[in-house]
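See below for work.tsv, which holds TSV, C-alpha atoms and all ligand atoms.
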```
chain	number	residue	atom	x	y	z
A	1	THR	CA	20.00	-36.97	40.33
A	2	ILE	CA	19.16	-36.98	36.66
A	3	THR	CA	16.44	-39.25	35.28
A	4	PRO	CA	17.27	-40.52	31.81
A	5	ALA	CA	14.56	-40.92	29.17
A	6	ARG	CA	12.83	-44.30	29.05
A	7	ARG	CA	14.49	-45.14	25.75
A	8	MET	CA	17.88	-45.05	27.48
A	9	GLN	CA	16.71	-47.70	29.92
A	10	THR	CA	16.06	-50.14	27.08
A	11	LEU	CA	19.58	-49.77	25.68
A	12	PRO	CA	21.66	-52.87	26.33
A	13	GLU	CA	25.16	-52.43	27.76
A	14	GLN	CA	27.60	-52.00	24.87
A	15	PHE	CA	28.87	-55.55	24.63
A	16	PHE	CA	32.37	-54.73	23.40
A	17	ALA	CA	32.88	-52.05	26.03
A	18	ALA	CA	32.35	-54.70	28.72
A	19	LEU	CA	34.68	-57.13	26.95
A	20	VAL	CA	37.44	-54.53	26.62
A	21	ALA	CA	37.17	-53.66	30.32
A	22	LYS	CA	37.63	-57.32	31.29
A	23	ALA	CA	40.65	-57.75	29.02
A	24	ASN	CA	42.23	-54.50	30.20
A	25	ALA	CA	41.78	-55.43	33.86
A	26	ARG	CA	43.66	-58.67	33.19
A	27	ALA	CA	46.45	-56.92	31.27
A	28	ALA	CA	46.79	-54.34	34.05
A	29	THR	CA	47.97	-57.12	36.36
A	30	GLY	CA	51.05	-57.41	34.12
A	31	ARG	CA	49.96	-60.53	32.17
A	32	ASP	CA	50.75	-60.94	28.47
A	33	VAL	CA	47.16	-60.94	27.20
A	34	ILE	CA	46.43	-61.77	23.54
A	35	ASN	CA	43.20	-60.06	22.59
A	36	LEU	CA	41.25	-61.74	19.78
A	37	GLY	CA	37.94	-60.57	21.20
A	38	GLN	CA	37.49	-57.24	19.47
A	39	GLY	CA	37.04	-56.37	15.82
A	40	ASN	CA	39.66	-53.63	15.68
A	41	PRO	CA	41.99	-54.11	12.67
A	42	ASP	CA	45.65	-54.11	13.71
A	43	LEU	CA	47.15	-53.07	10.35
A	44	PRO	CA	47.84	-49.42	9.45
A	45	THR	CA	45.94	-47.37	6.85
A	46	PRO	CA	47.80	-47.46	3.48
A	47	GLN	CA	50.33	-44.60	3.35
A	48	SER	CA	48.95	-43.04	0.14
A	49	ILE	CA	45.65	-42.42	1.96
A	50	VAL	CA	47.35	-40.92	5.03
A	51	ASP	CA	49.49	-38.67	2.78
A	52	ARG	CA	46.39	-37.42	1.01
A	53	LEU	CA	44.90	-36.33	4.33
A	54	LYS	CA	48.13	-34.58	5.32
A	55	ASP	CA	48.12	-32.50	2.14
A	56	ALA	CA	44.39	-31.85	2.31
A	57	ALA	CA	44.65	-30.58	5.88
A	58	ASP	CA	46.32	-27.43	4.51
A	59	ASN	CA	43.44	-26.65	2.15
A	60	PRO	CA	41.49	-23.69	3.62
A	61	ALA	CA	38.38	-24.77	1.67
A	62	TYR	CA	38.15	-27.69	4.09
A	63	HIS	CA	38.43	-25.54	7.20
A	64	LYS	CA	34.90	-24.28	6.75
A	65	TYR	CA	31.74	-26.33	7.26
A	66	PRO	CA	31.65	-29.05	4.62
A	67	PRO	CA	28.57	-29.36	2.38
A	68	PHE	CA	25.74	-30.93	4.39
A	69	ARG	CA	25.62	-34.15	2.42
A	70	GLY	CA	29.30	-34.58	1.64
A	71	PHE	CA	31.42	-33.52	-1.32
A	72	PRO	CA	30.17	-34.76	-4.72
A	73	PHE	CA	33.65	-36.15	-5.55
A	74	LEU	CA	33.37	-38.63	-2.69
A	75	LYS	CA	29.95	-39.93	-3.74
A	76	GLN	CA	31.23	-40.18	-7.31
A	77	ALA	CA	34.16	-42.27	-6.02
A	78	VAL	CA	31.73	-44.68	-4.33
A	79	ALA	CA	29.72	-45.01	-7.55
A	80	GLU	CA	32.90	-45.80	-9.51
A	81	ARG	CA	33.96	-48.41	-6.95
A	82	TYR	CA	30.55	-50.17	-7.02
A	83	LEU	CA	30.54	-50.22	-10.79
A	84	ALA	CA	34.07	-51.64	-10.95
A	85	ASP	CA	33.68	-54.19	-8.15
A	86	TYR	CA	30.04	-55.26	-8.43
A	87	GLY	CA	28.77	-54.02	-11.78
A	88	VAL	CA	26.18	-51.93	-9.91
A	89	GLU	CA	25.27	-48.54	-11.41
A	90	LEU	CA	24.53	-45.77	-8.91
A	91	ASP	CA	23.37	-42.18	-9.12
A	92	PRO	CA	25.98	-40.67	-6.79
A	93	ASP	CA	23.75	-37.78	-5.83
A	94	LYS	CA	20.53	-39.69	-5.10
A	95	GLU	CA	21.67	-43.19	-4.22
A	96	VAL	CA	24.67	-42.57	-1.94
A	97	ALA	CA	24.61	-40.99	1.54
A	98	VAL	CA	27.86	-40.24	3.40
A	99	LEU	CA	27.89	-41.60	6.97
A	100	PHE	CA	30.10	-41.55	10.06
A	101	GLY	CA	31.21	-45.14	9.64
A	102	GLY	CA	28.60	-47.71	8.74
A	103	LYS	CA	27.52	-47.62	12.36
A	104	SER	CA	25.79	-44.22	12.30
A	105	GLY	CA	23.58	-45.37	9.42
A	106	LEU	CA	22.80	-48.69	11.05
A	107	ILE	CA	21.32	-46.78	13.98
A	108	GLU	CA	19.63	-44.12	11.82
A	109	ILE	CA	17.76	-46.57	9.60
A	110	SER	CA	15.75	-47.76	12.61
A	111	GLN	CA	14.99	-44.13	13.49
A	112	ILE	CA	13.64	-43.34	10.03
A	113	LEU	CA	11.57	-46.49	9.52
A	114	LEU	CA	10.36	-47.91	12.82
A	115	ASN	CA	7.50	-46.69	14.97
A	116	PRO	CA	6.97	-48.03	18.48
A	117	GLY	CA	5.30	-51.43	18.10
A	118	ASP	CA	6.83	-52.15	14.68
A	119	VAL	CA	8.99	-55.23	14.31
A	120	CYS	CA	12.54	-55.47	13.01
A	121	LEU	CA	13.98	-58.82	11.91
A	122	VAL	CA	17.53	-59.22	13.21
A	123	PRO	CA	20.02	-62.03	12.66
A	124	ASP	CA	20.84	-64.20	15.67
A	125	PRO	CA	23.76	-64.35	16.23
A	126	GLY	CA	24.39	-60.84	14.96
A	127	TYR	CA	26.17	-57.54	15.40
A	128	PRO	CA	24.75	-56.04	18.62
A	129	ASP	CA	24.44	-52.49	17.28
A	130	TYR	CA	21.32	-53.50	15.33
A	131	TRP	CA	19.59	-54.06	18.68
A	132	SER	CA	20.57	-50.63	19.96
A	133	GLY	CA	18.99	-48.85	16.99
A	134	VAL	CA	15.78	-50.83	17.32
A	135	ALA	CA	15.68	-50.18	21.09
A	136	LEU	CA	16.18	-46.43	20.59
A	137	ALA	CA	13.28	-46.42	18.13
A	138	GLY	CA	11.06	-48.14	20.72
A	139	ALA	CA	10.41	-50.99	18.27
A	140	GLU	CA	10.52	-54.75	18.79
A	141	MET	CA	12.98	-57.34	17.56
A	142	GLU	CA	12.24	-60.71	16.05
A	143	PHE	CA	15.35	-62.84	15.91
A	144	MET	CA	16.16	-64.84	12.79
A	145	PRO	CA	18.27	-67.83	13.91
A	146	LEU	CA	21.38	-68.42	11.78
A	147	LYS	CA	22.07	-72.14	11.97
A	148	GLU	CA	25.16	-73.97	10.88
A	149	GLU	CA	23.03	-76.54	8.99
A	150	ASN	CA	21.58	-73.66	6.90
A	151	ALA	CA	25.06	-72.25	6.18
A	152	PHE	CA	24.24	-69.47	8.69
A	153	LEU	CA	21.56	-67.99	6.40
A	154	PRO	CA	18.11	-67.19	7.86
A	155	ASP	CA	15.19	-69.45	6.94
A	156	TYR	CA	12.38	-67.01	6.05
A	157	GLU	CA	9.79	-69.82	5.92
A	158	ALA	CA	10.46	-70.67	9.57
A	159	LEU	CA	9.69	-67.15	10.89
A	160	SER	CA	6.46	-66.44	12.76
A	161	GLY	CA	3.75	-65.18	10.37
A	162	GLU	CA	2.66	-62.57	12.91
A	163	ALA	CA	6.18	-61.16	13.22
A	164	VAL	CA	6.61	-61.04	9.45
A	165	ARG	CA	3.29	-59.18	9.09
A	166	ARG	CA	4.41	-56.54	11.58
A	167	ALA	CA	8.00	-56.32	10.34
A	168	LYS	CA	9.10	-53.16	8.52
A	169	LEU	CA	12.85	-53.63	8.51
A	170	MET	CA	15.33	-56.49	8.34
A	171	PHE	CA	19.09	-56.54	8.90
A	172	LEU	CA	21.38	-58.89	6.98
A	173	ASN	CA	25.16	-59.02	7.20
A	174	TYR	CA	27.35	-61.03	4.81
A	175	PRO	CA	30.26	-61.69	5.00
A	176	ASN	CA	28.91	-62.27	8.46
A	177	ASN	CA	30.00	-61.08	11.85
A	178	PRO	CA	30.28	-63.29	13.90
A	179	THR	CA	29.84	-66.56	11.92
A	180	ALA	CA	32.15	-65.60	8.99
A	181	ALA	CA	29.61	-67.05	6.52
A	182	THR	CA	29.05	-65.51	3.08
A	183	ALA	CA	25.83	-65.13	1.09
A	184	THR	CA	24.96	-66.48	-2.36
A	185	PRO	CA	23.18	-64.67	-5.22
A	186	GLU	CA	20.29	-67.17	-4.86
A	187	PHE	CA	19.85	-66.28	-1.20
A	188	TYR	CA	19.66	-62.59	-2.08
A	189	GLU	CA	17.11	-63.32	-4.82
A	190	ARG	CA	14.96	-65.09	-2.24
A	191	THR	CA	15.48	-62.11	0.08
A	192	VAL	CA	14.27	-59.57	-2.49
A	193	ALA	CA	11.16	-61.69	-3.16
A	194	PHE	CA	10.47	-62.08	0.58
A	195	ALA	CA	10.95	-58.34	1.21
A	196	ARG	CA	8.67	-57.37	-1.70
A	197	ARG	CA	5.95	-59.81	-0.70
A	198	ASN	CA	5.89	-58.56	2.88
A	199	GLY	CA	6.73	-54.86	2.50
A	200	ILE	CA	9.97	-55.16	4.46
A	201	VAL	CA	13.01	-52.92	3.92
A	202	VAL	CA	16.34	-54.75	3.71
A	203	ALA	CA	19.40	-53.22	5.40
A	204	SER	CA	22.42	-55.11	4.08
A	205	ASP	CA	25.44	-54.53	6.29
A	206	PHE	CA	28.40	-55.03	3.93
A	207	ALA	CA	31.13	-54.07	6.43
A	208	TYR	CA	33.28	-57.05	5.37
A	209	GLY	CA	32.42	-56.79	1.69
A	210	ALA	CA	36.03	-56.73	0.56
A	211	ILE	CA	37.15	-59.73	2.58
A	212	GLY	CA	36.50	-63.08	0.91
A	213	PHE	CA	38.91	-66.02	0.95
A	214	ASP	CA	40.02	-68.76	-1.44
A	215	GLY	CA	39.53	-66.48	-4.44
A	216	GLN	CA	35.82	-65.93	-3.69
A	217	ARG	CA	34.59	-62.35	-4.12
A	218	PRO	CA	31.75	-61.57	-1.67
A	219	VAL	CA	28.44	-60.71	-3.34
A	220	SER	CA	26.87	-57.29	-2.81
A	221	PHE	CA	23.13	-57.31	-2.08
A	222	LEU	CA	22.77	-54.54	-4.68
A	223	GLU	CA	23.84	-56.93	-7.44
A	224	THR	CA	20.46	-58.67	-7.04
A	225	PRO	CA	17.78	-57.61	-9.52
A	226	GLY	CA	15.24	-55.41	-7.70
A	227	ALA	CA	17.47	-54.86	-4.66
A	228	LYS	CA	17.37	-51.06	-4.90
A	229	GLU	CA	13.56	-51.13	-4.74
A	230	VAL	CA	13.58	-52.84	-1.35
A	231	GLY	CA	16.75	-51.84	0.43
A	232	VAL	CA	20.05	-50.19	1.08
A	233	GLU	CA	23.55	-51.44	1.64
A	234	PHE	CA	25.85	-50.11	4.37
A	235	TYR	CA	29.37	-49.88	3.02
A	236	THR	CA	32.37	-48.76	5.04
A	237	LEU	CA	36.09	-48.13	4.62
A	238	SER	CA	36.83	-49.31	8.18
A	239	LYS	CA	37.82	-52.87	7.35
A	240	SER	CA	38.72	-52.88	3.66
A	241	TYR	CA	41.22	-50.02	3.94
A	242	ASN	CA	42.08	-50.31	7.66
A	243	MET	CA	40.37	-47.00	8.29
A	244	ALA	CA	38.26	-47.88	11.36
A	245	GLY	CA	39.43	-44.75	13.16
A	246	TRP	CA	38.54	-42.42	10.28
A	247	ARG	CA	34.79	-43.05	10.53
A	248	VAL	CA	33.84	-43.15	6.86
A	249	GLY	CA	30.85	-45.12	5.62
A	250	PHE	CA	27.96	-44.93	3.17
A	251	ALA	CA	24.30	-45.91	2.77
A	252	ILE	CA	23.77	-46.97	-0.82
A	253	GLY	CA	20.71	-47.96	-2.82
A	254	ASN	CA	17.05	-47.06	-2.39
A	255	ARG	CA	16.56	-43.34	-3.09
A	256	GLN	CA	13.82	-42.76	-0.58
A	257	ILE	CA	15.88	-44.25	2.24
A	258	VAL	CA	19.03	-42.42	1.15
A	259	GLU	CA	17.03	-39.17	1.23
A	260	LEU	CA	15.65	-39.93	4.71
A	261	ILE	CA	19.11	-40.76	6.05
A	262	ASN	CA	20.46	-37.54	4.55
A	263	LEU	CA	17.59	-35.63	6.11
A	264	ILE	CA	18.14	-36.95	9.63
A	265	GLN	CA	21.87	-36.24	9.26
A	266	ASP	CA	21.17	-32.67	8.08
A	267	HIS	CA	19.73	-32.13	11.53
A	268	MET	CA	22.41	-33.94	13.50
A	269	TYR	CA	25.75	-33.28	11.80
A	270	CYS	CA	27.19	-31.44	8.87
A	271	SER	CA	29.47	-33.97	7.27
A	272	LEU	CA	32.95	-35.40	7.67
A	273	PHE	CA	36.03	-33.15	7.59
A	274	GLY	CA	36.79	-32.40	3.91
A	275	GLY	CA	40.34	-33.74	4.22
A	276	ILE	CA	38.99	-37.09	5.35
A	277	GLN	CA	36.56	-37.08	2.43
A	278	GLU	CA	39.44	-36.44	0.05
A	279	ALA	CA	41.50	-39.26	1.58
A	280	ALA	CA	38.48	-41.56	1.41
A	281	ALA	CA	38.08	-40.78	-2.30
A	282	GLU	CA	41.77	-41.64	-2.73
A	283	ALA	CA	41.12	-45.02	-1.06
A	284	LEU	CA	38.21	-45.77	-3.38
A	285	THR	CA	39.70	-44.58	-6.67
A	286	GLY	CA	43.43	-45.32	-6.17
A	287	SER	CA	45.18	-48.65	-6.70
A	288	GLN	CA	43.28	-51.48	-5.00
A	289	GLN	CA	46.47	-53.50	-4.44
A	290	SER	CA	46.35	-52.68	-0.72
A	291	VAL	CA	42.95	-54.39	-0.47
A	292	ARG	CA	44.28	-57.53	-2.18
A	293	ASP	CA	47.28	-57.50	0.15
A	294	LEU	CA	45.08	-57.15	3.21
A	295	VAL	CA	42.87	-60.09	2.17
A	296	ALA	CA	46.04	-62.16	1.64
A	297	VAL	CA	47.24	-61.28	5.16
A	298	TYR	CA	43.96	-62.40	6.74
A	299	GLU	CA	43.87	-65.56	4.63
A	300	ARG	CA	47.40	-66.53	5.71
A	301	ARG	CA	46.51	-65.84	9.34
A	302	ARG	CA	43.37	-67.95	8.99
A	303	ASN	CA	45.37	-70.85	7.58
A	304	VAL	CA	48.01	-70.59	10.31
A	305	LEU	CA	45.44	-70.45	13.10
A	306	TYR	CA	43.30	-73.33	11.77
A	307	GLU	CA	46.32	-75.54	11.28
A	308	ALA	CA	47.48	-74.83	14.82
A	309	LEU	CA	44.00	-75.34	16.30
A	310	ASP	CA	43.57	-78.55	14.34
A	311	ALA	CA	46.84	-79.79	15.87
A	312	ILE	CA	45.43	-79.36	19.40
A	313	GLY	CA	42.16	-81.09	18.43
A	314	TRP	CA	39.98	-77.96	18.16
A	315	LYS	CA	38.25	-78.51	14.83
A	316	ALA	CA	35.84	-76.30	12.87
A	317	GLY	CA	34.96	-75.21	9.33
A	318	LYS	CA	37.21	-72.46	7.99
A	319	PRO	CA	35.73	-68.97	7.54
A	320	ALA	CA	34.81	-67.96	3.98
A	321	GLY	CA	35.12	-64.23	4.60
A	322	SER	CA	35.35	-61.42	7.20
A	323	PHE	CA	38.25	-61.60	9.64
A	324	PHE	CA	36.49	-63.70	12.25
A	325	CYS	CA	36.56	-67.37	13.18
A	326	TRP	CA	33.45	-68.94	14.71
A	327	LEU	CA	34.40	-71.96	16.75
A	328	PRO	CA	32.47	-74.41	18.93
A	329	VAL	CA	33.32	-74.29	22.65
A	330	ALA	CA	34.95	-77.18	24.49
A	331	PRO	CA	32.56	-79.88	25.77
A	332	GLY	CA	30.80	-79.07	29.04
A	333	HIS	CA	31.12	-75.28	28.68
A	334	THR	CA	28.83	-72.38	27.88
A	335	SER	CA	30.29	-69.73	25.63
A	336	MET	CA	30.72	-67.41	28.62
A	337	SER	CA	32.36	-69.99	30.92
A	338	PHE	CA	34.67	-71.01	28.08
A	339	ALA	CA	35.66	-67.40	27.29
A	340	ASP	CA	36.32	-66.78	31.00
A	341	LEU	CA	38.43	-69.92	31.22
A	342	LEU	CA	40.56	-68.87	28.24
A	343	LEU	CA	41.10	-65.44	29.76
A	344	GLU	CA	41.95	-66.73	33.23
A	345	GLN	CA	44.07	-69.73	32.28
A	346	ALA	CA	45.54	-68.85	28.89
A	347	ASP	CA	45.44	-65.02	28.89
A	348	VAL	CA	43.56	-65.20	25.59
A	349	VAL	CA	40.54	-62.95	25.00
A	350	VAL	CA	37.77	-64.32	22.78
A	351	ALA	CA	34.21	-63.04	22.37
A	352	PRO	CA	31.58	-65.37	23.85
A	353	GLY	CA	28.99	-66.29	21.21
A	354	SER	CA	26.09	-65.57	23.53
A	355	GLY	CA	27.01	-61.87	23.33
A	356	PHE	CA	25.72	-61.95	19.75
A	357	GLY	CA	22.36	-63.53	20.61
A	358	LYS	CA	20.79	-66.73	21.92
A	359	SER	CA	21.79	-68.77	18.87
A	360	GLY	CA	25.42	-67.78	19.47
A	361	GLU	CA	25.48	-69.99	22.56
A	362	GLY	CA	27.95	-72.84	22.13
A	363	TYR	CA	30.43	-70.79	20.07
A	364	VAL	CA	33.19	-68.24	20.55
A	365	ARG	CA	34.47	-65.68	18.06
A	366	LEU	CA	38.18	-65.14	17.45
A	367	GLY	CA	39.45	-62.21	15.39
A	368	LEU	CA	42.39	-62.70	12.99
A	369	LEU	CA	43.77	-59.42	14.25
A	370	THR	CA	47.30	-60.18	15.35
A	371	SER	CA	50.45	-61.64	13.80
A	372	GLU	CA	50.82	-65.26	12.66
A	373	ASP	CA	53.26	-65.88	15.53
A	374	ARG	CA	50.80	-64.62	18.11
A	375	LEU	CA	48.05	-66.77	16.56
A	376	ARG	CA	50.30	-69.85	16.87
A	377	GLU	CA	50.94	-68.83	20.47
A	378	VAL	CA	47.16	-68.72	21.09
A	379	ALA	CA	46.86	-72.35	19.97
A	380	VAL	CA	49.83	-73.40	22.10
A	381	ARG	CA	48.39	-71.78	25.21
A	382	ILE	CA	44.94	-73.27	24.68
A	383	GLY	CA	46.45	-76.66	23.82
A	384	ARG	CA	48.14	-76.73	27.24
A	385	LEU	CA	44.72	-76.71	28.92
A	386	GLY	CA	43.97	-80.13	27.38
A	387	LEU	CA	40.32	-79.32	26.66
A	388	PHE	CA	39.94	-80.96	23.25
B	1	LIG	N1	28.83	-53.83	10.95
B	1	LIG	C1	29.52	-54.87	11.39
B	1	LIG	C2	29.00	-56.24	11.18
B	1	LIG	C3	30.71	-54.66	12.09
B	1	LIG	O1	31.39	-55.71	12.57
B	1	LIG	C4	31.17	-53.35	12.31
B	1	LIG	C5	32.39	-53.06	13.06
B	1	LIG	O2	32.94	-53.82	13.78
B	1	LIG	C6	30.41	-52.30	11.81
B	1	LIG	C7	29.25	-52.57	11.13
B	1	LIG	C8	30.77	-50.87	12.05
B	1	LIG	O3	31.66	-50.42	11.16
B	1	LIG	P1	32.03	-48.87	11.03
B	1	LIG	O4	33.41	-48.75	11.52
B	1	LIG	O5	31.88	-48.62	9.58
B	1	LIG	O6	31.07	-48.06	11.83
```
What would you get if you wrote out this structure as structure tokens?
Amino acid sequence: TITPARRMQTLPEQFFAALVAKANARAATGRDVINLGQGNPDLPTPQSIVDRLKDAADNPAYHKYPPFRGFPFLKQAVAERYLADYGVELDPDKEVAVLFGGKSGLIEISQILLNPGDVCLVPDPGYPDYWSGVALAGAEMEFMPLKEENAFLPDYEALSGEAVRRAKLMFLNYPNNPTAATATPEFYERTVAFARRNGIVVASDFAYGAIGFDGQRPVSFLETPGAKEVGVEFYTLSKSYNMAGWRVGFAIGNRQIVELINLIQDHMYCSLFGGIQEAAAEALTGSQQSVRDLVAVYERRRNVLYEALDAIGWKAGKPAGSFFCWLPVAPGHTSMSFADLLLEQADVVVAPGSGFGKSGEGYVRLGLLTSEDRLREVAVRIGRLGLF
């Protein structure tokens, strides 16, 4: 038998892998399962982007190894997008690193900054991949509770002084997975001050940056004065352009961190296939109408679902951004018992809040990732259980 390294023993089970297995087992029995548990966008990539890849696939220049740190045209496209959308000026060569989805960078940043014994501040509830990176680095986590009464923003004053002293890195994620909350410029100003005062690097996960509702444009952390001195933003095409399968993301901001991420990637990969880089540049520099259309689709789905849930007595505040809904469980349930009940009695898959951390207990997360009709059907099926 093979003995894995100790660091592998500290890795938690991949939460979504377990959830998918449960849902698939149920569907395999022939039931009509509606899966709102995962964060996998159901819409296709815009055709102009797909066409660009098809043409680029014939280019022999892309059949060789790509440049280690990505093609300059792609980093230039990111800089243009940030300037147009957020008014943030970037040096494409020094302040943008090309990643394999945001996810690879979210793991790498722990590798480049954390020694064993260091502390990383992580949001609770939060995206479980932050934990994996910290575990692989042999570092410790200090959870920052995100409470509804604080609009799901962390309260820096309430953190343990000892943990803050030992902390070297902090993850933030707005629009937020799973609570669907958005951040304010004032919160980010407080964050920059807190990070400066305590020598903590900020990793802003902006995976849902394009998805804000009711005419509200989500704020980028990099818009905050001084942000580039203390942190980086992880930006990805997965959600905003329905390109989750293409694995394109970026680390943007602080030069030293961008250089360290590039360095670790030099050793691990070359870069993305050139044709994908060209298609990604098309996404970033072409018409942004597809992004506006996508936000409108999610907003309509949100309205349909909340109206239908309201009608069965399941009431909650509407999400401000992302494509998730964060809802309280029915009385008398834990998030896990409630999710199991919905799977077994309504054939509806939701993600139990406790999978995102201790403070997620009492909630479930539903993804707006199926048609309006199927979302109405979800409410009808749950309504039949008479829980609310
Ligand atoms: N960060 C958050 C909060 C996410 O929800 C996801 C994907 O679900 C990611 C990062 C990973 O995105 P990518 O596809 O860019 O790796």
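In this comparison, which uses all atoms listed in the file, the residue of A:Gly357, A:Gly133, A:Pro128, A:Gly275 approaching ligand LIG 1 (chain B) most closely is A:Pro128.
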Note to self: As an exercise, work out the distance from CA of Glu13 in chain A to CA of Phe356 in chain A in Å and give it to one decimal place.
What the structure shows: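 Result for CA of Glu13 in chain A versus CA of Phe356 in chain A: 12.5 Å, one decimal.
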Note to self: To check your reading of the model: which residues sit at most 9 Å from ligand LIG 1 (chain B) when counting all atoms listed in the file? Write the answer as a PyMOL selection string.
What the structure shows: chain A and resi 38-40+99-106+126-130+173-178+205-208+234-239+243-250+322
So that I have them on file, write out the residues from the current selection with C-alpha atoms, as a short mmCIF file (atom, residue, chain, number, x, y, z; two decimals), keeping the file's coordinate frame.
```cif
data_model
loop_
_atom_site.label_atom_id
_atom_site.label_comp_id
_atom_site.auth_asym_id
_atom_site.auth_seq_id
_atom_site.Cartn_x
_atom_site.Cartn_y
_atom_site.Cartn_z
CA GLN A 38 37.49 -57.24 19.47
CA GLY A 39 37.04 -56.37 15.82
CA ASN A 40 39.66 -53.63 15.68
CA LEU A 99 27.89 -41.60 6.97
CA PHE A 100 30.10 -41.55 10.06
CA GLY A 101 31.21 -45.14 9.64
CA GLY A 102 28.60 -47.71 8.74
CA LYS A 103 27.52 -47.62 12.36
CA SER A 104 25.79 -44.22 12.30
CA GLY A 105 23.58 -45.37 9.42
CA LEU A 106 22.80 -48.69 11.05
CA GLY A 126 24.39 -60.84 14.96
CA TYR A 127 26.17 -57.54 15.40
CA PRO A 128 24.75 -56.04 18.62
CA ASP A 129 24.44 -52.49 17.28
CA TYR A 130 21.32 -53.50 15.33
CA ASN A 173 25.16 -59.02 7.20
CA TYR A 174 27.35 -61.03 4.81
CA PRO A 175 30.26 -61.69 5.00
CA ASN A 176 28.91 -62.27 8.46
CA ASN A 177 30.00 -61.08 11.85
CA PRO A 178 30.28 -63.29 13.90
CA ASP A 205 25.44 -54.53 6.29
CA PHE A 206 28.40 -55.03 3.93
CA ALA A 207 31.13 -54.07 6.43
CA TYR A 208 33.28 -57.05 5.37
CA PHE A 234 25.85 -50.11 4.37
CA TYR A 235 29.37 -49.88 3.02
CA THR A 236 32.37 -48.76 5.04
CA LEU A 237 36.09 -48.13 4.62
CA SER A 238 36.83 -49.31 8.18
CA LYS A 239 37.82 -52.87 7.35
CA MET A 243 40.37 -47.00 8.29
CA ALA A 244 38.26 -47.88 11.36
CA GLY A 245 39.43 -44.75 13.16
CA TRP A 246 38.54 -42.42 10.28
CA ARG A 247 34.79 -43.05 10.53
CA VAL A 248 33.84 -43.15 6.86
CA GLY A 249 30.85 -45.12 5.62
CA PHE A 250 27.96 -44.93 3.17
CA SER A 322 35.35 -61.42 7.20
#
```
Note to self: At a cut-off of 8 Å around the point (29.5, -32.6, 3.9) (file coordinates), what residues fall inside when counting all atoms listed in the file? I'd like the answer as number ranges by chain.
What the structure shows: A: 65-71, 98, 270-274
Check: For Thr224 in chain A, which of A:Val329, A:Ile109, A:Val88, A:Ile252 is the closest residue, counting only C-alpha atoms?
Finding: A:Val88
Item checked: Closest of A:Ala97, A:Ala280, A:Leu83, A:Ala27 to Arg255 in chain A - atom-to-atom distances counting only C-alpha atoms ->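 The closest residue to Arg255 in chain A is A:Ala97.
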Checklist line | Long-range neighbours of Thr182 in chain A as a list of chain:residue names, 9 Å cut-off, all atoms listed in the file, 2 positions minimum in chain | finding: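 The residues satisfying every condition are A:Ala151, A:Phe152, A:Leu153, A:Asn173, A:Tyr174, A:Pro175, A:Asn176, A:Thr179, A:Ala180, A:Thr184, A:Gly212, A:Pro218, A:Val219, A:Pro319, A:Ala320, A:Gly321, A:Ser322.
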Margin query: I'd like to know which of A:Thr10, A:Gln345, A:Val304, A:Val96 is closest to Glu80 in chain A, using only C-alpha atoms.
Written below: A:Val96
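Ranking A:Val20, A:Ala79, A:Gln216, A:Gln277 by their shortest atom-to-atom distance to Glu299 in chain A, with only C-alpha atoms included, puts A:Gln216 first.
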Notebook entry, point to check: What does the distance between CA of Ala330 in chain A and CA of Asn303 in chain A come to in Å, to one decimal place?
Noted result: 20.8 Å
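In this structure, CA of Ile382 in chain A sits 26.2 Å away from CA of Val295 in chain A.
The environment of Leu222 in chain A within 8 Å, counting all atoms listed in the file and disregarding residues fewer than 5 places along the same chain, consists of Val88, Ala227, Lys228, Val232, Glu233 and Gly253 of chain A.
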Next item on the list: Could you check which of A:Ser110, A:Asn24, A:Asn150, A:Ser132 is closest to Leu169 in chain A, using all atoms listed in the file?
Entry: A:Ser110
Note to self: Using only C-alpha atoms, which protein or nucleic acid residues come within 9 Å of Pro46 in chain A? Drop anything in the same chain fewer than 2 positions from it, and give the result as an MDAnalysis selection string.
What the structure shows: chainID A and resid 43:44 48:51 241:243 283 290
Around all listed atoms of range 158-169 of chain A, padded 4 Å per side, what centre and edge lengths does the axis-aligned box have in Å to one decimal, as lines of an AutoDock Vina configuration file?
```
center_x = 7.8
center_y = -61.9
center_z = 10.9
size_x = 18.2
size_y = 25.5
size_z = 12.7
```
Checklist line | Shell of 10 Å around Leu309 in chain A, only C-alpha atoms, local chain residues under 4 positions omitted, as a ChimeraX atom specification | finding: /A:303-305,313-316,375-376,378-380,382-383,388
Taking the structure in the block just given, could you write range 343-359 of chain A with C-alpha atoms, as a compact mmCIF listing (two decimals), in the first residue's frame?
```txt
# COMPACT_ATOMS: atom_id res chain seq x y z
CA LEU A 343 -33.62 15.29 -1.89
CA GLU A 344 -35.58 12.32 -0.57
CA GLN A 345 -39.07 13.79 -0.63
CA ALA A 346 -38.96 16.43 -3.38
CA ASP A 347 -36.08 15.23 -5.59
CA VAL A 348 -34.53 18.68 -5.22
CA VAL A 349 -30.80 19.03 -4.57
CA VAL A 350 -29.68 22.01 -2.48
CA ALA A 351 -26.32 22.60 -0.81
CA PRO A 352 -26.48 22.41 3.01
CA GLY A 353 -25.10 25.60 4.55
CA SER A 354 -22.94 23.70 7.02
CA GLY A 355 -20.80 22.56 4.07
CA PHE A 356 -19.54 26.15 3.85
CA GLY A 357 -18.58 26.42 7.53
CA LYS A 358 -20.06 26.48 11.02
CA SER A 359 -21.83 29.80 10.48
```
